[in-house]
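Colleague: For reference, the file run.cif (mmCIF, N, CA and C atoms and all ligand atoms) is included below:
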```cif
data_my_file
#
loop_
_atom_site.label_atom_id
_atom_site.label_comp_id
_atom_site.auth_asym_id
_atom_site.auth_seq_id
_atom_site.Cartn_x
_atom_site.Cartn_y
_atom_site.Cartn_z
N MET H 1 10.79 96.05 -92.66
CA MET H 1 9.60 95.26 -92.94
C MET H 1 9.73 94.58 -94.30
N ALA H 2 9.49 93.29 -94.33
CA ALA H 2 9.58 92.55 -95.60
C ALA H 2 8.46 92.97 -96.54
N GLU H 3 8.81 93.13 -97.80
CA GLU H 3 7.86 93.65 -98.77
C GLU H 3 8.27 93.19 -100.17
N GLU H 4 7.31 92.87 -101.01
CA GLU H 4 7.58 92.54 -102.40
C GLU H 4 7.63 93.85 -103.18
N MET H 5 8.79 94.15 -103.77
CA MET H 5 8.95 95.44 -104.44
C MET H 5 9.24 95.26 -105.92
N PRO H 6 8.51 96.00 -106.78
CA PRO H 6 8.72 95.88 -108.22
C PRO H 6 9.76 96.88 -108.74
N GLY H 7 10.32 96.53 -109.89
CA GLY H 7 11.26 97.43 -110.55
C GLY H 7 11.44 97.01 -111.99
N GLY H 8 12.34 97.69 -112.70
CA GLY H 8 12.60 97.33 -114.09
C GLY H 8 13.40 98.40 -114.81
N CYS H 9 13.54 98.19 -116.10
CA CYS H 9 14.35 99.10 -116.93
C CYS H 9 13.52 100.30 -117.37
N ALA H 10 14.17 101.24 -118.06
CA ALA H 10 13.49 102.47 -118.46
C ALA H 10 12.39 102.24 -119.48
N CYS H 11 12.58 101.28 -120.40
CA CYS H 11 11.57 101.08 -121.45
C CYS H 11 10.48 100.11 -121.03
N GLY H 12 10.68 99.39 -119.93
CA GLY H 12 9.64 98.49 -119.43
C GLY H 12 9.73 97.07 -119.94
N ARG H 13 10.70 96.77 -120.82
CA ARG H 13 10.82 95.40 -121.34
C ARG H 13 11.23 94.42 -120.25
N VAL H 14 12.17 94.86 -119.40
CA VAL H 14 12.62 94.02 -118.28
C VAL H 14 11.91 94.48 -117.01
N ARG H 15 11.24 93.55 -116.35
CA ARG H 15 10.54 93.85 -115.10
C ARG H 15 10.88 92.78 -114.08
N TYR H 16 10.92 93.20 -112.82
CA TYR H 16 11.16 92.22 -111.75
C TYR H 16 10.33 92.59 -110.54
N SER H 17 10.18 91.62 -109.66
CA SER H 17 9.73 91.92 -108.31
C SER H 17 10.61 91.09 -107.38
N VAL H 18 10.90 91.65 -106.22
CA VAL H 18 11.85 91.02 -105.31
C VAL H 18 11.42 91.24 -103.87
N ASN H 19 11.62 90.20 -103.07
CA ASN H 19 11.31 90.32 -101.65
C ASN H 19 12.42 91.10 -100.95
N ILE H 20 12.05 92.23 -100.37
CA ILE H 20 13.00 93.11 -99.70
C ILE H 20 12.77 93.04 -98.19
N ALA H 21 13.83 92.68 -97.46
CA ALA H 21 13.69 92.47 -96.02
C ALA H 21 14.04 93.71 -95.21
N ASP H 22 14.89 94.59 -95.75
CA ASP H 22 15.31 95.77 -94.99
C ASP H 22 15.66 96.91 -95.95
N ASP H 23 15.98 98.07 -95.39
CA ASP H 23 16.22 99.27 -96.19
C ASP H 23 17.69 99.47 -96.57
N ASP H 24 18.55 98.55 -96.13
CA ASP H 24 19.99 98.73 -96.32
C ASP H 24 20.40 98.65 -97.78
N ALA H 25 21.19 99.62 -98.21
CA ALA H 25 21.76 99.63 -99.55
C ALA H 25 23.15 100.23 -99.46
N TYR H 26 23.86 100.30 -100.57
CA TYR H 26 25.22 100.85 -100.50
C TYR H 26 25.62 101.47 -101.83
N LEU H 27 26.69 102.23 -101.79
CA LEU H 27 27.25 102.81 -103.00
C LEU H 27 28.53 102.08 -103.35
N CYS H 28 28.65 101.66 -104.61
CA CYS H 28 29.92 101.10 -105.09
C CYS H 28 30.63 102.13 -105.95
N HIS H 29 31.87 102.40 -105.61
CA HIS H 29 32.68 103.41 -106.31
C HIS H 29 33.79 102.77 -107.13
N CYS H 30 33.79 101.45 -107.27
CA CYS H 30 34.92 100.81 -107.96
C CYS H 30 34.92 101.24 -109.42
N ARG H 31 36.10 101.20 -110.01
CA ARG H 31 36.26 101.70 -111.38
C ARG H 31 35.42 100.91 -112.38
N MET H 32 35.24 99.61 -112.13
CA MET H 32 34.45 98.79 -113.06
C MET H 32 32.98 99.19 -113.02
N CYS H 33 32.46 99.46 -111.82
CA CYS H 33 31.07 99.92 -111.73
C CYS H 33 30.92 101.32 -112.34
N GLN H 34 31.92 102.17 -112.14
CA GLN H 34 31.86 103.50 -112.76
C GLN H 34 31.78 103.38 -114.28
N ARG H 35 32.63 102.55 -114.85
CA ARG H 35 32.63 102.36 -116.30
C ARG H 35 31.32 101.73 -116.79
N ALA H 36 30.86 100.71 -116.06
CA ALA H 36 29.69 99.96 -116.51
C ALA H 36 28.42 100.79 -116.48
N THR H 37 28.36 101.76 -115.56
CA THR H 37 27.12 102.53 -115.41
C THR H 37 27.26 103.96 -115.90
N GLY H 38 28.49 104.40 -116.14
CA GLY H 38 28.69 105.80 -116.53
C GLY H 38 28.44 106.77 -115.40
N SER H 39 28.47 106.26 -114.17
CA SER H 39 28.18 107.08 -113.00
C SER H 39 29.41 107.19 -112.09
N ILE H 40 29.43 108.25 -111.31
CA ILE H 40 30.50 108.43 -110.33
C ILE H 40 30.48 107.29 -109.31
N ALA H 41 29.28 106.87 -108.95
CA ALA H 41 29.10 105.71 -108.08
C ALA H 41 27.74 105.09 -108.44
N ILE H 42 27.57 103.84 -108.09
CA ILE H 42 26.28 103.21 -108.36
C ILE H 42 25.68 102.72 -107.05
N ALA H 43 24.40 103.01 -106.86
CA ALA H 43 23.69 102.56 -105.67
C ALA H 43 23.13 101.18 -105.92
N PHE H 44 23.48 100.25 -105.05
CA PHE H 44 23.05 98.85 -105.18
C PHE H 44 22.26 98.41 -103.96
N LYS H 45 21.29 97.54 -104.20
CA LYS H 45 20.60 96.80 -103.14
C LYS H 45 20.96 95.34 -103.30
N ASN H 46 21.58 94.77 -102.29
CA ASN H 46 21.96 93.36 -102.33
C ASN H 46 20.76 92.50 -101.95
N VAL H 47 20.47 91.51 -102.80
CA VAL H 47 19.31 90.65 -102.59
C VAL H 47 19.71 89.20 -102.83
N LYS H 48 18.86 88.28 -102.42
CA LYS H 48 19.05 86.86 -102.75
C LYS H 48 18.60 86.64 -104.19
N GLN H 49 19.42 85.93 -104.95
CA GLN H 49 19.03 85.64 -106.34
C GLN H 49 17.67 84.94 -106.41
N ARG H 50 17.45 84.03 -105.47
CA ARG H 50 16.21 83.25 -105.50
C ARG H 50 14.98 84.09 -105.17
N ASP H 51 15.17 85.27 -104.59
CA ASP H 51 14.04 86.13 -104.23
C ASP H 51 13.59 87.02 -105.39
N VAL H 52 14.33 87.00 -106.52
CA VAL H 52 13.99 87.86 -107.66
C VAL H 52 13.14 87.08 -108.65
N LYS H 53 11.96 87.62 -108.97
CA LYS H 53 11.11 87.02 -110.00
C LYS H 53 11.11 87.95 -111.21
N TRP H 54 11.44 87.40 -112.38
CA TRP H 54 11.54 88.22 -113.59
C TRP H 54 10.28 88.12 -114.41
N GLN H 55 9.79 89.26 -114.85
CA GLN H 55 8.72 89.31 -115.85
C GLN H 55 9.32 90.08 -117.02
N GLY H 56 9.88 89.40 -117.97
CA GLY H 56 10.70 90.05 -118.98
C GLY H 56 12.14 89.87 -118.55
N GLU H 57 12.82 88.91 -119.15
CA GLU H 57 14.17 88.53 -118.70
C GLU H 57 15.18 89.63 -119.02
N PRO H 58 16.13 89.85 -118.12
CA PRO H 58 17.21 90.81 -118.40
C PRO H 58 18.22 90.20 -119.38
N ASP H 59 19.01 91.05 -119.98
CA ASP H 59 20.16 90.62 -120.76
C ASP H 59 21.38 90.64 -119.84
N TRP H 60 22.38 89.83 -120.19
CA TRP H 60 23.58 89.70 -119.37
C TRP H 60 24.81 89.88 -120.23
N TYR H 61 25.87 90.43 -119.65
CA TYR H 61 27.17 90.37 -120.30
C TYR H 61 28.25 90.11 -119.26
N ASP H 62 29.31 89.45 -119.72
CA ASP H 62 30.45 89.18 -118.85
C ASP H 62 31.23 90.48 -118.69
N SER H 63 31.19 91.05 -117.49
CA SER H 63 31.87 92.33 -117.28
C SER H 63 33.27 92.13 -116.73
N ALA H 64 33.58 90.93 -116.29
CA ALA H 64 34.89 90.62 -115.73
C ALA H 64 35.01 89.10 -115.67
N PRO H 65 36.22 88.57 -115.50
CA PRO H 65 36.35 87.11 -115.40
C PRO H 65 35.52 86.51 -114.27
N ILE H 66 35.20 87.31 -113.25
CA ILE H 66 34.49 86.77 -112.09
C ILE H 66 33.05 87.25 -111.97
N ALA H 67 32.62 88.11 -112.88
CA ALA H 67 31.30 88.74 -112.68
C ALA H 67 30.57 89.00 -113.99
N ALA H 68 29.25 89.11 -113.86
CA ALA H 68 28.39 89.46 -114.99
C ALA H 68 27.45 90.58 -114.56
N ARG H 69 26.98 91.33 -115.54
CA ARG H 69 26.05 92.43 -115.25
C ARG H 69 24.79 92.26 -116.08
N LEU H 70 23.68 92.67 -115.49
CA LEU H 70 22.42 92.58 -116.18
C LEU H 70 21.96 93.97 -116.59
N TYR H 71 21.27 94.00 -117.73
CA TYR H 71 20.88 95.28 -118.32
C TYR H 71 19.73 95.01 -119.29
N CYS H 72 19.23 96.04 -119.92
CA CYS H 72 18.23 95.88 -120.99
C CYS H 72 18.86 96.26 -122.32
N ARG H 73 18.83 95.36 -123.28
CA ARG H 73 19.44 95.62 -124.58
C ARG H 73 18.67 96.68 -125.38
N GLU H 74 17.41 96.91 -125.05
CA GLU H 74 16.61 97.88 -125.80
C GLU H 74 16.87 99.31 -125.35
N CYS H 75 16.92 99.53 -124.03
CA CYS H 75 17.05 100.90 -123.54
C CYS H 75 18.38 101.16 -122.84
N GLY H 76 19.15 100.10 -122.59
CA GLY H 76 20.48 100.28 -122.01
C GLY H 76 20.53 100.44 -120.50
N SER H 77 19.38 100.34 -119.84
CA SER H 77 19.38 100.50 -118.39
C SER H 77 20.30 99.49 -117.72
N SER H 78 21.06 99.97 -116.76
CA SER H 78 21.92 99.11 -115.95
C SER H 78 21.09 98.59 -114.78
N LEU H 79 20.97 97.27 -114.69
CA LEU H 79 20.04 96.69 -113.71
C LEU H 79 20.72 95.99 -112.55
N GLY H 80 22.00 95.61 -112.70
CA GLY H 80 22.62 94.96 -111.57
C GLY H 80 23.92 94.26 -111.87
N PHE H 81 24.33 93.47 -110.89
CA PHE H 81 25.64 92.83 -110.87
C PHE H 81 25.51 91.50 -110.16
N GLN H 82 26.29 90.53 -110.64
CA GLN H 82 26.28 89.23 -109.97
C GLN H 82 27.62 88.53 -110.17
N PHE H 83 28.16 87.96 -109.09
CA PHE H 83 29.34 87.12 -109.24
C PHE H 83 28.93 85.84 -109.96
N LYS H 84 29.84 85.33 -110.82
CA LYS H 84 29.51 84.13 -111.59
C LYS H 84 29.39 82.91 -110.69
N GLN H 85 30.19 82.87 -109.63
CA GLN H 85 30.17 81.71 -108.75
C GLN H 85 30.34 82.14 -107.30
N GLY H 86 29.88 81.29 -106.39
CA GLY H 86 30.23 81.45 -105.00
C GLY H 86 29.34 82.36 -104.19
N SER H 87 28.26 82.84 -104.77
CA SER H 87 27.36 83.69 -104.00
C SER H 87 25.91 83.39 -104.36
N GLU H 88 25.06 83.37 -103.34
CA GLU H 88 23.62 83.22 -103.58
C GLU H 88 22.97 84.57 -103.79
N ASN H 89 23.76 85.65 -103.65
CA ASN H 89 23.21 86.99 -103.72
C ASN H 89 23.51 87.66 -105.06
N MET H 90 22.89 88.79 -105.28
CA MET H 90 23.17 89.64 -106.42
C MET H 90 22.83 91.07 -106.03
N ASP H 91 23.30 92.02 -106.83
CA ASP H 91 22.95 93.42 -106.59
C ASP H 91 21.96 93.88 -107.66
N LEU H 92 20.92 94.59 -107.22
CA LEU H 92 20.04 95.30 -108.15
C LEU H 92 20.31 96.79 -107.99
N THR H 93 20.27 97.53 -109.10
CA THR H 93 20.49 98.98 -109.00
C THR H 93 19.30 99.62 -108.27
N VAL H 94 19.61 100.41 -107.26
CA VAL H 94 18.56 101.03 -106.44
C VAL H 94 17.58 101.83 -107.31
N ALA H 95 18.12 102.56 -108.29
CA ALA H 95 17.25 103.43 -109.09
C ALA H 95 16.39 102.66 -110.08
N SER H 96 16.63 101.35 -110.25
CA SER H 96 15.74 100.57 -111.12
C SER H 96 14.47 100.13 -110.40
N PHE H 97 14.42 100.28 -109.08
CA PHE H 97 13.17 100.02 -108.36
C PHE H 97 12.14 101.08 -108.72
N ASP H 98 10.88 100.69 -108.79
CA ASP H 98 9.83 101.66 -109.09
C ASP H 98 9.79 102.75 -108.03
N ASP H 99 10.06 102.38 -106.78
CA ASP H 99 10.14 103.36 -105.70
C ASP H 99 11.43 103.14 -104.90
N PRO H 100 12.49 103.85 -105.29
CA PRO H 100 13.77 103.65 -104.59
C PRO H 100 13.84 104.37 -103.25
N SER H 101 12.78 105.08 -102.87
CA SER H 101 12.89 106.03 -101.75
C SER H 101 13.09 105.38 -100.39
N ARG H 102 12.76 104.09 -100.24
CA ARG H 102 12.87 103.49 -98.89
C ARG H 102 14.31 103.13 -98.54
N PHE H 103 15.17 103.01 -99.55
CA PHE H 103 16.53 102.52 -99.30
C PHE H 103 17.43 103.61 -98.72
N ARG H 104 18.34 103.18 -97.84
CA ARG H 104 19.29 104.08 -97.20
C ARG H 104 20.70 103.55 -97.39
N PRO H 105 21.66 104.42 -97.75
CA PRO H 105 23.04 103.94 -97.87
C PRO H 105 23.61 103.63 -96.50
N THR H 106 24.19 102.44 -96.38
CA THR H 106 24.79 102.04 -95.10
C THR H 106 26.31 102.01 -95.15
N HIS H 107 26.87 101.97 -96.37
CA HIS H 107 28.34 101.97 -96.48
C HIS H 107 28.76 102.25 -97.92
N HIS H 108 30.05 102.56 -98.06
CA HIS H 108 30.68 102.73 -99.37
C HIS H 108 31.53 101.51 -99.65
N PHE H 109 31.45 101.01 -100.88
CA PHE H 109 32.37 99.95 -101.30
C PHE H 109 33.23 100.48 -102.45
N GLY H 110 34.35 99.82 -102.70
CA GLY H 110 35.26 100.30 -103.74
C GLY H 110 35.81 101.67 -103.37
N ALA H 111 36.14 101.83 -102.09
CA ALA H 111 36.51 103.16 -101.56
C ALA H 111 37.71 103.77 -102.26
N GLU H 112 38.55 102.93 -102.89
CA GLU H 112 39.71 103.46 -103.60
C GLU H 112 39.28 104.34 -104.78
N GLY H 113 38.03 104.17 -105.24
CA GLY H 113 37.56 104.92 -106.41
C GLY H 113 36.69 106.12 -106.06
N ILE H 114 36.54 106.41 -104.77
CA ILE H 114 35.65 107.51 -104.37
C ILE H 114 36.17 108.84 -104.90
N HIS H 115 35.31 109.57 -105.59
CA HIS H 115 35.60 110.95 -106.00
C HIS H 115 34.97 111.84 -104.94
N ARG H 116 35.80 112.31 -104.01
CA ARG H 116 35.31 112.98 -102.80
C ARG H 116 34.40 114.16 -103.08
N ASP H 117 34.69 114.93 -104.13
CA ASP H 117 33.89 116.13 -104.40
C ASP H 117 32.44 115.80 -104.76
N TRP H 118 32.17 114.53 -105.14
CA TRP H 118 30.82 114.16 -105.54
C TRP H 118 30.04 113.48 -104.42
N VAL H 119 30.68 113.22 -103.27
CA VAL H 119 30.00 112.48 -102.21
C VAL H 119 29.02 113.38 -101.44
N ASN H 120 29.50 114.53 -100.98
CA ASN H 120 28.60 115.44 -100.27
C ASN H 120 28.33 116.67 -101.13
N THR H 121 27.17 116.69 -101.79
CA THR H 121 26.81 117.77 -102.71
C THR H 121 25.64 118.58 -102.16
N GLU H 122 25.36 118.43 -100.85
CA GLU H 122 24.16 119.01 -100.26
C GLU H 122 24.05 120.53 -100.44
N GLY H 123 25.15 121.25 -100.44
CA GLY H 123 25.09 122.71 -100.51
C GLY H 123 24.96 123.30 -101.90
N LEU H 124 24.96 122.48 -102.93
CA LEU H 124 24.93 123.01 -104.29
C LEU H 124 23.54 123.52 -104.66
N PRO H 125 23.48 124.49 -105.60
CA PRO H 125 22.17 124.97 -106.08
C PRO H 125 21.34 123.80 -106.64
N GLN H 126 20.02 123.87 -106.46
CA GLN H 126 19.15 122.78 -106.92
C GLN H 126 18.06 123.34 -107.82
N THR H 127 17.80 122.63 -108.92
CA THR H 127 16.73 122.99 -109.84
C THR H 127 15.88 121.76 -110.11
N ARG H 128 14.57 121.88 -109.96
CA ARG H 128 13.66 120.79 -110.31
C ARG H 128 13.51 120.73 -111.83
N THR H 129 13.25 119.54 -112.38
CA THR H 129 13.06 119.44 -113.83
C THR H 129 11.85 120.25 -114.28
N ASP H 130 10.79 120.27 -113.46
CA ASP H 130 9.59 121.00 -113.88
C ASP H 130 9.72 122.51 -113.74
N GLU H 131 10.83 122.97 -113.17
CA GLU H 131 11.13 124.41 -113.10
C GLU H 131 12.02 124.86 -114.25
N HIS H 132 12.51 123.93 -115.03
CA HIS H 132 13.44 124.25 -116.13
C HIS H 132 12.63 124.39 -117.42
N LYS H 133 12.28 125.66 -117.74
CA LYS H 133 11.32 125.93 -118.80
C LYS H 133 11.70 125.32 -120.16
N PRO H 134 12.96 125.44 -120.62
CA PRO H 134 13.28 124.86 -121.94
C PRO H 134 13.00 123.36 -122.00
N LEU H 135 13.22 122.65 -120.91
CA LEU H 135 12.96 121.21 -120.88
C LEU H 135 11.46 120.92 -120.93
N VAL H 136 10.71 121.65 -120.12
CA VAL H 136 9.25 121.47 -120.10
C VAL H 136 8.68 121.76 -121.49
N GLU H 137 9.17 122.84 -122.13
CA GLU H 137 8.66 123.21 -123.47
C GLU H 137 8.96 122.13 -124.51
N LYS H 138 10.13 121.52 -124.43
CA LYS H 138 10.46 120.42 -125.35
C LYS H 138 9.47 119.27 -125.19
N TRP H 139 9.16 118.93 -123.94
CA TRP H 139 8.22 117.83 -123.69
C TRP H 139 6.82 118.18 -124.20
N ILE H 140 6.38 119.41 -123.91
CA ILE H 140 5.03 119.82 -124.35
C ILE H 140 4.94 119.79 -125.86
N ALA H 141 5.99 120.29 -126.55
CA ALA H 141 5.97 120.33 -128.00
C ALA H 141 5.95 118.91 -128.58
N ALA H 142 6.65 117.98 -127.94
CA ALA H 142 6.79 116.63 -128.48
C ALA H 142 5.63 115.72 -128.12
N THR H 143 5.07 115.89 -126.91
CA THR H 143 4.08 114.90 -126.43
C THR H 143 2.80 115.53 -125.90
N GLY H 144 2.79 116.86 -125.75
CA GLY H 144 1.61 117.52 -125.20
C GLY H 144 1.58 117.59 -123.69
N LYS H 145 2.53 116.92 -123.03
CA LYS H 145 2.55 116.99 -121.58
C LYS H 145 3.96 116.78 -121.06
N PHE H 146 4.16 117.18 -119.81
CA PHE H 146 5.46 116.97 -119.15
C PHE H 146 5.34 115.77 -118.23
N PRO H 147 6.24 114.81 -118.36
CA PRO H 147 6.08 113.57 -117.60
C PRO H 147 6.38 113.72 -116.11
N GLY H 148 7.04 114.81 -115.74
CA GLY H 148 7.33 115.00 -114.32
C GLY H 148 8.40 114.03 -113.86
ZN ZN R 201 14.52 98.49 -121.42
#
```
Would you mind writing the structure in this file as structure tokens?
Modeller:
Amino acid sequence: MAEEMPGGCACGRVRYSVNIADDDAYLCHCRMCQRATGSIAIAFKNVKQRDVKWQGEPDWYDSAPIAARLYCRECGSSLGFQFKQGSENMDLTVASFDDPSRFRPTHHFGAEGIHRDWVNTEGLPQTRTDEHKPLVEKWIAATGKFPG
């Protein structure tokens, strides 16, 4: 279902809304995306450039001779990827959406960079942030509440 979905960086300086037509998203495992995001893989939603409306412009840097990446210079959030030429599309980072929950991974890209041990982690022990007492206590001491 087509829907206008908002997103942005961690500090809120960069904000966007984008028309989303479907739930399809993907993981990129290429070494450049790993380096650029500091992540084992990055979840991207491919969108039309013309469908993105910015409220608070992103910052850009040339990440390769053929590509640029958008981010926020204040908080460092990684917001996406775009080829410099030849495409009407761009990628937005799935986790920069205010509600990333509707998206589903449909494929892996940059498969040569996949770290297999990190792909299926379903059986590992899980701890919620609000169950981790030292973290909750730090937040309470600093701000009076836990942001959840
Ligand atoms: Zn920011």
Colleague: Name the residues in contact with Gly110 of chain H at a cut-off of 10 Å, using only C-alpha atoms, excluding same-chain residues fewer than 3 positions from it; report them as JSON, numbers by chain.
Modeller: {"H": [27, 28, 29, 30, 31, 32, 33, 41, 113, 114]}
Colleague: Rounded to one decimal place, report the atom N of Thr121 of chain H-atom C of Pro134 of chain H distance in Å.
Modeller: 25.6 Å
Colleague: For each of H:His132, H:Phe97, H:Pro65, H:Ile140, take the minimum atom-to-atom distance to Lys84 of chain H, counting all atoms listed in the file, then give the residue where this is smallest.
Modeller: H:Pro65
Colleague: Can you measure atom C of Leu70 of chain H to atom CA of Trp139 of chain H for me? One decimal in Å is fine.
Modeller: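 A separation of 28.4 Å between them.
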Colleague: In file coordinates, which residues lie within 6 Å of (9.4, 100.7, -106.2) using all atoms listed in the file, given as a list of chain:residue names?
Modeller: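 Residues with an atom at most 6 Å from (9.4, 100.7, -106.2): H:Met5, H:Pro6, H:Gly7, H:Phe97, H:Asp98, H:Asp99, H:Pro100.
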Colleague: Using only C-alpha atoms, pick whichever of H:Ala111, H:Val119, H:Ala67, H:Val52 has the shortest atom-to-atom distance to Arg15 of chain H.
Modeller: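 Nearest to Arg15 of chain H: H:Val52.
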Colleague: Interatomic distance between atom C of Glu4 of chain H and atom C of Ile66 of chain H?
Modeller: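 That distance, rounded to one decimal, is 27.7 Å.
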Colleague: How would you write, as a PyMOL selection string, the set of residues in chain H that DSSP gives as strand (DSSP E or B)?
Modeller: chain H and resi 3-8+15-20+24-28+42-48+52-55+59-64+67-71+78-83+89-93+97+104-109
Colleague: If DSSP is run on the backbone, what residues of chain H are alpha helix (DSSP H)? A reply as number ranges by chain would be ideal.
Modeller: H: 31-37, 133-143
Colleague: I need the residues from that last selection saved to file as a compact mmCIF listing (two decimals), in the coordinates of the input (with N, CA and C atoms), if you can.
Modeller:
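Saved to again38.txt:
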```
# COMPACT_ATOMS: atom_id res chain seq x y z
N ARG H 31 36.10 101.20 -110.01
CA ARG H 31 36.26 101.70 -111.38
C ARG H 31 35.42 100.91 -112.38
N MET H 32 35.24 99.61 -112.13
CA MET H 32 34.45 98.79 -113.06
C MET H 32 32.98 99.19 -113.02
N CYS H 33 32.46 99.46 -111.82
CA CYS H 33 31.07 99.92 -111.73
C CYS H 33 30.92 101.32 -112.34
N GLN H 34 31.92 102.17 -112.14
CA GLN H 34 31.86 103.50 -112.76
C GLN H 34 31.78 103.38 -114.28
N ARG H 35 32.63 102.55 -114.85
CA ARG H 35 32.63 102.36 -116.30
C ARG H 35 31.32 101.73 -116.79
N ALA H 36 30.86 100.71 -116.06
CA ALA H 36 29.69 99.96 -116.51
C ALA H 36 28.42 100.79 -116.48
N THR H 37 28.36 101.76 -115.56
CA THR H 37 27.12 102.53 -115.41
C THR H 37 27.26 103.96 -115.90
N LYS H 133 12.28 125.66 -117.74
CA LYS H 133 11.32 125.93 -118.80
C LYS H 133 11.70 125.32 -120.16
N PRO H 134 12.96 125.44 -120.62
CA PRO H 134 13.28 124.86 -121.94
C PRO H 134 13.00 123.36 -122.00
N LEU H 135 13.22 122.65 -120.91
CA LEU H 135 12.96 121.21 -120.88
C LEU H 135 11.46 120.92 -120.93
N VAL H 136 10.71 121.65 -120.12
CA VAL H 136 9.25 121.47 -120.10
C VAL H 136 8.68 121.76 -121.49
N GLU H 137 9.17 122.84 -122.13
CA GLU H 137 8.66 123.21 -123.47
C GLU H 137 8.96 122.13 -124.51
N LYS H 138 10.13 121.52 -124.43
CA LYS H 138 10.46 120.42 -125.35
C LYS H 138 9.47 119.27 -125.19
N TRP H 139 9.16 118.93 -123.94
CA TRP H 139 8.22 117.83 -123.69
C TRP H 139 6.82 118.18 -124.20
N ILE H 140 6.38 119.41 -123.91
CA ILE H 140 5.03 119.82 -124.35
C ILE H 140 4.94 119.79 -125.86
N ALA H 141 5.99 120.29 -126.55
CA ALA H 141 5.97 120.33 -128.00
C ALA H 141 5.95 118.91 -128.58
N ALA H 142 6.65 117.98 -127.94
CA ALA H 142 6.79 116.63 -128.48
C ALA H 142 5.63 115.72 -128.12
N THR H 143 5.07 115.89 -126.91
CA THR H 143 4.08 114.90 -126.43
C THR H 143 2.80 115.53 -125.90
```
Colleague: Please report as a Markdown table every residue of chain H lying within 7 Å of ligand ZN 201 (chain R), along with the nearest atom pair and their distance in Å (one decimal), using only C-alpha atoms and all ligand atoms.
Modeller:
```
| residue | atom | partner | partner_atom | distance |
| --- | --- | --- | --- | --- |
| H:Cys9 | CA | R:ZN201 | ZN | 4.5 |
| H:Ala10 | CA | R:ZN201 | ZN | 5.1 |
| H:Cys11 | CA | R:ZN201 | ZN | 3.9 |
| H:Gly12 | CA | R:ZN201 | ZN | 5.3 |
| H:Arg13 | CA | R:ZN201 | ZN | 4.8 |
| H:Val14 | CA | R:ZN201 | ZN | 5.8 |
| H:Cys72 | CA | R:ZN201 | ZN | 4.6 |
| H:Arg73 | CA | R:ZN201 | ZN | 6.5 |
| H:Glu74 | CA | R:ZN201 | ZN | 4.9 |
| H:Cys75 | CA | R:ZN201 | ZN | 4.1 |
| H:Gly76 | CA | R:ZN201 | ZN | 6.3 |
| H:Ser77 | CA | R:ZN201 | ZN | 6.1 |
```
Colleague: Pick out the residues sitting within 6.5 Å of Ala2 of chain H, and hand them over as an mmCIF file with N, CA and C atoms, keeping the file's coordinate frame; count only N, CA and C atoms, and ignore anything fewer than 3 positions along from it in its own chain.
Modeller:
```cif
data_model
loop_
_atom_site.group_PDB
_atom_site.id
_atom_site.type_symbol
_atom_site.label_atom_id
_atom_site.label_comp_id
_atom_site.auth_asym_id
_atom_site.auth_seq_id
_atom_site.Cartn_x
_atom_site.Cartn_y
_atom_site.Cartn_z
ATOM 1 N N ASN H 19 11.620 90.200 -103.070
ATOM 2 C CA ASN H 19 11.310 90.320 -101.650
ATOM 3 C C ASN H 19 12.420 91.100 -100.950
ATOM 4 N N ILE H 20 12.050 92.230 -100.370
ATOM 5 C CA ILE H 20 13.000 93.110 -99.700
ATOM 6 C C ILE H 20 12.770 93.040 -98.190
ATOM 7 N N ALA H 21 13.830 92.680 -97.460
ATOM 8 C CA ALA H 21 13.690 92.470 -96.020
ATOM 9 C C ALA H 21 14.040 93.710 -95.210
ATOM 10 N N ASP H 22 14.890 94.590 -95.750
ATOM 11 C CA ASP H 22 15.310 95.770 -94.990
ATOM 12 C C ASP H 22 15.660 96.910 -95.950
#
```
Colleague: Which is closer to Asp23 of chain H than all the others in H:Pro105, H:Arg69, H:Tyr61, H:Leu124, using all atoms listed in the file?
Modeller: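 For Asp23 of chain H, the nearest of the given residues is H:Pro105.
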Colleague: Got a sec: who's within 9 Å of segment 86-95 of chain H, counting only C-alpha atoms, leaving out chain neighbours fewer than 5 positions off, as a PyMOL selection string?
Modeller: chain H and resi 7+25-26+42-50+70+78-81+100-101+103
Colleague: Using only C-alpha atoms for the distances, tell me which of H:Ser96, H:Ser63, H:Thr129, H:Thr37 is nearest to Ser17 of chain H.
Modeller: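 Looking only at the distances to Ser17 of chain H, the closest residue turns out to be H:Ser96.
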Colleague: So, with only C-alpha atoms as the atoms that count, which of H:Asp24, H:Gly148, H:Gln34, H:Lys138 lies closest to Thr106 of chain H?
Modeller: H:Asp24
